[in-house]
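Colleague: Submitted below is the structure of interest, expressed as structure tokens.
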Amino acid sequence: MNRRLALAVLGVFALGCQNAAPAGDEEGSAAAGTTDGSSGGEPATGTTGDASDWRYTYWRDTKAILDKHCATCHRPGDVAPFSLATAEEAQMFAGVLAPAILDGTMPPWPPAAECNRYDHDRSLPAADREVLLTWIDDGAPLGDPADAPPSGPEAPSIAWDLDLPLPEPYLATQSPDDYRCFVLDWPEDQLKYVVGFDVVPDVRPIVHHAIAFLIPPGSVTTYKNLDAADEGPGYTCFGSPGGGGFSQQWLGAWAPGTQPSLDERRGIPVQPGSAIVLQMHYHPMDTGGPADRTRLRLKLADSVEVPLHVIPFTNPEWLGGSMQIPAGEPRVVHDFEVDLTSFIGDFFPQAGVQNGEPFVMHEVSLHMHTRGRRASLELDRQGAEDECALYIPNWDFSWQGGYRLKAPMTVKPGDRLRLTCEWDNSAANQPIVDGVQLDPVDIFWGEGTGDEMCLAVLTVSPVQ
Ligand code: HEC
């Protein structure tokens with residue numbers, strides 16, 4: 001609801017700007033949030049203003065930052081509601097950017113910086129933040145196009161081995177959120193390792209996130225049956241791919257802005273006869289199309305130095321009904337702490353780690369549904385200080401991801417892994433269906449939109 005409102009306000013703002021405030025006139029610079037008065041009323045564009053007041057200009061300083069950190073989503077036809085891809089657009093919207101930059105909501109990067117460090121960190125470095133905010137404060141001057149930075153090197157292209165589109169185009173039938181799972185056949189007839197992962201959204205503005213699950217050969221029929229029982233391509237699913245139990249494992253998650261990942265040293269083994277369930281979260285404004293045919297691209301290897309296994313970590317009792325989130329409660333916390341090394345071999349024999357042996361965590365993610373507020377995964381080292389693996393301070397179901405640790409963490413016997421989730425089940429935090437806000441009800445673990453989960457997903461290997 002908030003997002004809808006924000007978008008509507010922005011839409012109006014954009015129209016207002018186009019009609020009444022061509023970039024660079026007085027209203028343009030007032031809209032650009034000039035607060036110190038020194039440059040108020042100055043023309044904010046070109047090279048005609050008092051250039052000596054400009055600490056930073058678009059061409060010289062902020063274009064590179066906006067291109068790298070914002071325009072990857074804020075460009076025509078992509079997921080963000082307005083474009084920051086040109087000088088005119090950057091200047092026109094400069095006035096609305098500061099709050100989102102200041103409170104850290106943009107660019108979207110859920111993990112808390114103080115917890116740990118990850119590959120492909122999308123957050124805005126502090127120095128770039130300062131430059132942007134100062135530039136906005138000065139009235140977003142454009143400066144001299146001759147100062148434009150040289151275009152950076154093209155991202156290296158990856159030679160993908162598999163390109164797996166949805167079996168057929170899918171026309172989203174639910175607005176604003178359509179959660180749909182598609183079963184993709186696994187074409188390889190030898191054991192392979194997935195070392196690179198990418199999702200190529202087709203209808204970009206409506207694809208909000210995607211999670212790929214690996215289904216072992218013995219469970220493929222279960223998912224084919226779910227597909228067959230639901231009309232149209234794929235089947236409705238939410239959160240997990242359905243099918244019950246934990247036989248499926250996460251292969252990877254994607255949200256707008258996610259970089260393709262590739263690491264030839266480490267990979268997830270896939271047996272012949274497996275399948276992939278690709279879960280799509282569509283966010284269509286209406287159900288008028290066009291139909292989507294998103295693709296999953298994978299890089300494979302015959303062997304790897306470090307075979308990875310993806311395991312779920314949660315309190316099994318929660319699945320049995322003990323994870324109660326009472327109706328009306330604004331702050332409900334459940335946590336679970338255990339020495340995973342003492343039973344990892346029994347529960348997850350495929351991970352190749354014996355009970356009582358240390359193991360390495362390479363990648364971590366957390367999973368809740370829509371009433372989640374925050375979640376964390378910490379390692380309680382016996383006697384030593386706790387270590388934080390992942391902390392999501394403002395949970396947003398739409399921006400889920402897996403986070404590859406820059407420094408993999410070794411979990412030793414005696415260490416206790418602690419999972420904590422917090423929910424808001426108050427009246428104010430209930431979904432709105434057909435214009436009516438639902439009443440709060442008691443919530444438990446489950447797979448539906450009205451249920452909740454508290455789950456960590458760990459990508460692990462034996463200690464090498
Ligand atoms: C990974 C994609 C992505 C990147 C990168 C990104 N944005 Fe956004 N932005 C969005 C989406 C999507 C929305 C619409 C609201 C939503 O879905 O959260 C949005 C909305 C906004 C809004 C509207 C207010 C709000 O908070 O919803 C502002 C302002 C904004 N972005 C500024 C920026 C700036 C400035 C940057 C770069 C520093 C940036 N964004 C980078 C995807 C992105």
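A note on labels: chains of the structure tokens are A, B, ... as shown, every chain counts residues from 1, and ligands are counted from 1 in their shown order.
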Neighbours of ligand 1 within 7 Å, counting only C-alpha atoms and all ligand atoms, as a VMD selection string?
Modeller: chain A and resid 3 6 to 7 66 69 to 74 79 to 81 96 to 101 105 to 108 124 256 to 257
Colleague: Fewer than 3 positions away in the same chain doesn't count, so skip those; otherwise give me all residues within 9 Å of range 333-342 of chain A, counting only C-alpha atoms, as an MDAnalysis selection string.
Modeller: chainID A and resid 313:315 323:325 345:346 353:359 380 411:423 454
Colleague: Please determine, counting only C-alpha atoms, which residue among A:Val457, A:Ala140, A:Val463, A:Ile206 has the shortest atom-to-atom distance to Ala51 in chain A.
Modeller: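 Smallest separation from Ala51 in chain A among the options: A:Ala140.
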Colleague: May I have the residues within 7 Å of Ala87 in chain A as a list in words, using only C-alpha atoms and disregarding those fewer than 3 positions away in the same chain?
Modeller: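 Answer for this query is Ala90, Gln91 and Leu142 of chain A.
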Colleague: Just the number, please: distance in Å from CA of Gly252 in chain A to CA of Tyr235 in chain A, one decimal.
Modeller: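 Calculated distance between CA of Gly252 in chain A and CA of Tyr235 in chain A is 19.6 Å.
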Colleague: Which residues are close to Leu164 in chain A, i.e. within 9 Å by only C-alpha atoms, leaving aside same-chain residues fewer than 4 positions away? Reply as a list in words.
Modeller: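 Once the nearby chain positions are removed, what remains is Leu184, Asp185, Trp186, Thr294, Arg295, Leu296, Arg297 and Leu298 of chain A.
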Colleague: Return the single residue from A:Ala301, A:Ala112, A:Val360, A:Ala94 that is closest to Asp138 in chain A, with distances computed using only C-alpha atoms.
Modeller: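 So, comparing all the options, the nearest one is A:Ala94.
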Colleague: From the list A:Ala407, A:Pro111, A:Glu363, A:Leu390, which residue is nearest Ser376 in chain A when using only C-alpha atoms?
Modeller: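 Looking only at the distances to Ser376 in chain A, the closest residue turns out to be A:Leu390.
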